[in-house]
Structures are given as structure tokens and as C-alpha cells.
Amino acid sequence: MRTRLLNPKWIEGMRKHGYMGAQNISKRVEYVLGGVAATMNAVDDWVWDRIVETYVFNEEMRRWFTEVNPYALEQIIKRLYEAHERGGLWHTSENVIRKLREIYTELENALEGIGQWGGR
């Protein structure tokens with residue numbers, strides 16, 4: 001987690017790759033959920049907290065995702081929800097979940113605008 005997914009240098013490298021970098025970040029979050037958390041229950045809450053803070057709650061990162069690959073951000077948010085909903089993989093406050101829902105709703109509205117009439 002620390003050498004890739006939560007490493008600022010790795011994140012900056014992914015940002016240089018635009019669409020594919022965003023997709024790679026999203027896939028890493030998916031691997032954390034499916035490969036480590038779900039099978040071994042070996043992901044501490046602080047890891048999920050850092051993922052949400054780094055990729056979703058950080059306005060600069062959220063703006064970048066929205067510009068280059070909003071679908072990757074959508075997948076990250078879905079994985080975070082899944083980690084929270086799956087019997088104890090991520091324990092967090094209702095405030096965090098509420099903020100995650102608000103951001104997801106904003107993102108959904110933006111994605112809906114992209115899909116209608118070929119653009120915004």
C-alpha cells in the first residue's frame with residue numbers, strides 16, 4: 001500500500017498518464033478490496049481512510065479524476081462503499097460515509113451530463 005497506492009511519487013507518476021493512470025489507481029483500489037481485504041481480511045481501517053482522503057476527499061485529485069477519467073473515480077467510490085458495507089472490512093464514521101455519498105451524487109450528475117447528447 002505504502003510503496004504504490006499511498007505513495008505520493010507513485011501517484012504523481014500515475015497522474016502523468018492521464019486516463020490510464022486514473023484507471024491504474026482504480027484497479028489498485030479494487031485489488032486492495034478483492035485481493036487483500038476480502039480474502040485475508042488484512043487491511044486496517046487507516047488504509048481505507050487514507051485511500052478516501054487521498055483520492056476522493058482531496059479536491060485536486062477529485063478534479064483530476066473528473067477531467068481525465070471520471071469512471072475510475074466512480075469505481076474507487078464504489079469499492080469504498082463495498083468495503084464499508086461488507087461486514088467489517090472498513091469501520092468509519094457516518095460523516096465519512098455521508099460525504100462519500102455527496103461526492104458520488106455529484107459525480108453521477110456529471111457523468112449523466114457527459115452521456116446526454118454526446119457532452120455537457
# chains A, B, ... in the order shown; residues from 1 in each chain; ligands from 1

call {"tool": "select_by_dssp", "arguments": {"residues": "chain A", "states": "alpha helix (DSSP H)", "output": "VMD selection string"}}
result
chain A and resid 8 to 15 18 to 31 38 to 40 45 to 51 59 to 68 70 to 85 94 to 115

call {"tool": "write_last_selection", "arguments": {"atoms": "C-alpha atoms", "output": "CSV table (one decimal), in the first residue's frame"}}
result
chain,number,residue,atom,x,y,z
A,8,PRO,CA,2.9,10.5,-3.5
A,9,LYS,CA,5.7,9.8,-6.0
A,10,TRP,CA,3.7,6.8,-7.5
A,11,ILE,CA,0.5,8.9,-7.5
A,12,GLU,CA,2.3,11.7,-9.4
A,13,GLY,CA,3.6,9.2,-11.9
A,14,MET,CA,0.1,7.9,-12.5
A,15,ARG,CA,-1.2,11.4,-12.9
A,18,GLY,CA,-3.9,10.7,-17.6
A,19,TYR,CA,-6.8,8.3,-18.4
A,20,MET,CA,-4.7,5.2,-18.0
A,21,GLY,CA,-3.1,6.4,-14.8
A,22,ALA,CA,-6.5,7.0,-13.3
A,23,GLN,CA,-7.6,3.5,-14.4
A,24,ASN,CA,-4.5,2.0,-12.8
A,25,ILE,CA,-5.2,3.8,-9.5
A,26,SER,CA,-8.8,2.5,-9.6
A,27,LYS,CA,-7.5,-1.1,-10.3
A,28,ARG,CA,-5.2,-0.9,-7.3
A,29,VAL,CA,-8.1,0.0,-5.0
A,30,GLU,CA,-10.0,-2.9,-6.5
A,31,TYR,CA,-7.1,-5.2,-5.7
A,38,ALA,CA,-11.9,-9.7,1.2
A,39,THR,CA,-9.7,-12.8,1.1
A,40,MET,CA,-7.4,-12.2,4.0
A,45,ASP,CA,-9.1,0.9,8.7
A,46,TRP,CA,-6.3,3.5,8.4
A,47,VAL,CA,-5.6,2.2,4.9
A,48,TRP,CA,-9.2,2.8,3.7
A,49,ASP,CA,-9.1,6.2,5.5
A,50,ARG,CA,-6.0,7.2,3.6
A,51,ILE,CA,-7.5,6.0,0.3
A,59,GLU,CA,-10.3,18.3,-4.2
A,60,GLU,CA,-7.3,18.5,-6.5
A,61,MET,CA,-7.3,14.7,-7.1
A,62,ARG,CA,-11.1,14.6,-7.5
A,63,ARG,CA,-10.9,17.4,-10.1
A,64,TRP,CA,-8.1,15.5,-11.9
A,65,PHE,CA,-10.1,12.3,-12.0
A,66,THR,CA,-13.2,14.1,-13.2
A,67,GLU,CA,-11.2,15.6,-16.0
A,68,VAL,CA,-9.2,12.6,-17.2
A,70,PRO,CA,-14.4,10.1,-14.0
A,71,TYR,CA,-15.4,6.4,-14.3
A,72,ALA,CA,-12.2,5.5,-12.4
A,73,LEU,CA,-13.2,7.8,-9.6
A,74,GLU,CA,-16.7,6.2,-9.6
A,75,GLN,CA,-15.2,2.8,-9.3
A,76,ILE,CA,-13.0,3.9,-6.4
A,77,ILE,CA,-16.0,5.3,-4.5
A,78,LYS,CA,-18.0,2.1,-5.2
A,79,ARG,CA,-15.1,0.0,-3.8
A,80,LEU,CA,-15.0,2.2,-0.7
A,81,TYR,CA,-18.7,1.7,-0.2
A,82,GLU,CA,-18.3,-2.0,-0.7
A,83,ALA,CA,-15.5,-2.2,1.9
A,84,HIS,CA,-17.8,-0.4,4.4
A,85,GLU,CA,-20.8,-2.5,3.7
A,94,GLU,CA,-21.2,8.2,9.3
A,95,ASN,CA,-19.8,11.6,8.5
A,96,VAL,CA,-17.3,10.0,6.1
A,97,ILE,CA,-20.0,7.9,4.5
A,98,ARG,CA,-22.3,10.9,4.2
A,99,LYS,CA,-19.5,12.9,2.5
A,100,LEU,CA,-18.7,9.9,0.2
A,101,ARG,CA,-22.4,9.8,-0.8
A,102,GLU,CA,-22.5,13.5,-1.6
A,103,ILE,CA,-19.4,13.3,-3.8
A,104,TYR,CA,-20.8,10.2,-5.5
A,105,THR,CA,-24.1,12.0,-6.2
A,106,GLU,CA,-22.2,15.0,-7.7
A,107,LEU,CA,-20.1,12.6,-9.8
A,108,GLU,CA,-23.2,10.7,-11.0
A,109,ASN,CA,-24.8,14.0,-12.1
A,110,ALA,CA,-21.6,15.0,-14.0
A,111,LEU,CA,-21.4,11.5,-15.7
A,112,GLU,CA,-25.1,11.8,-16.7
A,113,GLY,CA,-24.3,15.1,-18.3
A,114,ILE,CA,-21.4,13.6,-20.2
A,115,GLY,CA,-23.7,10.8,-21.5

call {"tool": "atom_distance", "arguments": {"atom1": "CA of Thr92 in chain A", "atom2": "CA of Val43 in chain A"}}
result
13.3 Å

call {"tool": "atom_distance", "arguments": {"atom1": "CA of Lys16 in chain A", "atom2": "CA of Asp44 in chain A"}}
result
29.1 Å

call {"tool": "atom_distance", "arguments": {"atom1": "CA of Asn69 in chain A", "atom2": "CA of Arg86 in chain A"}}
result
26.3 Å
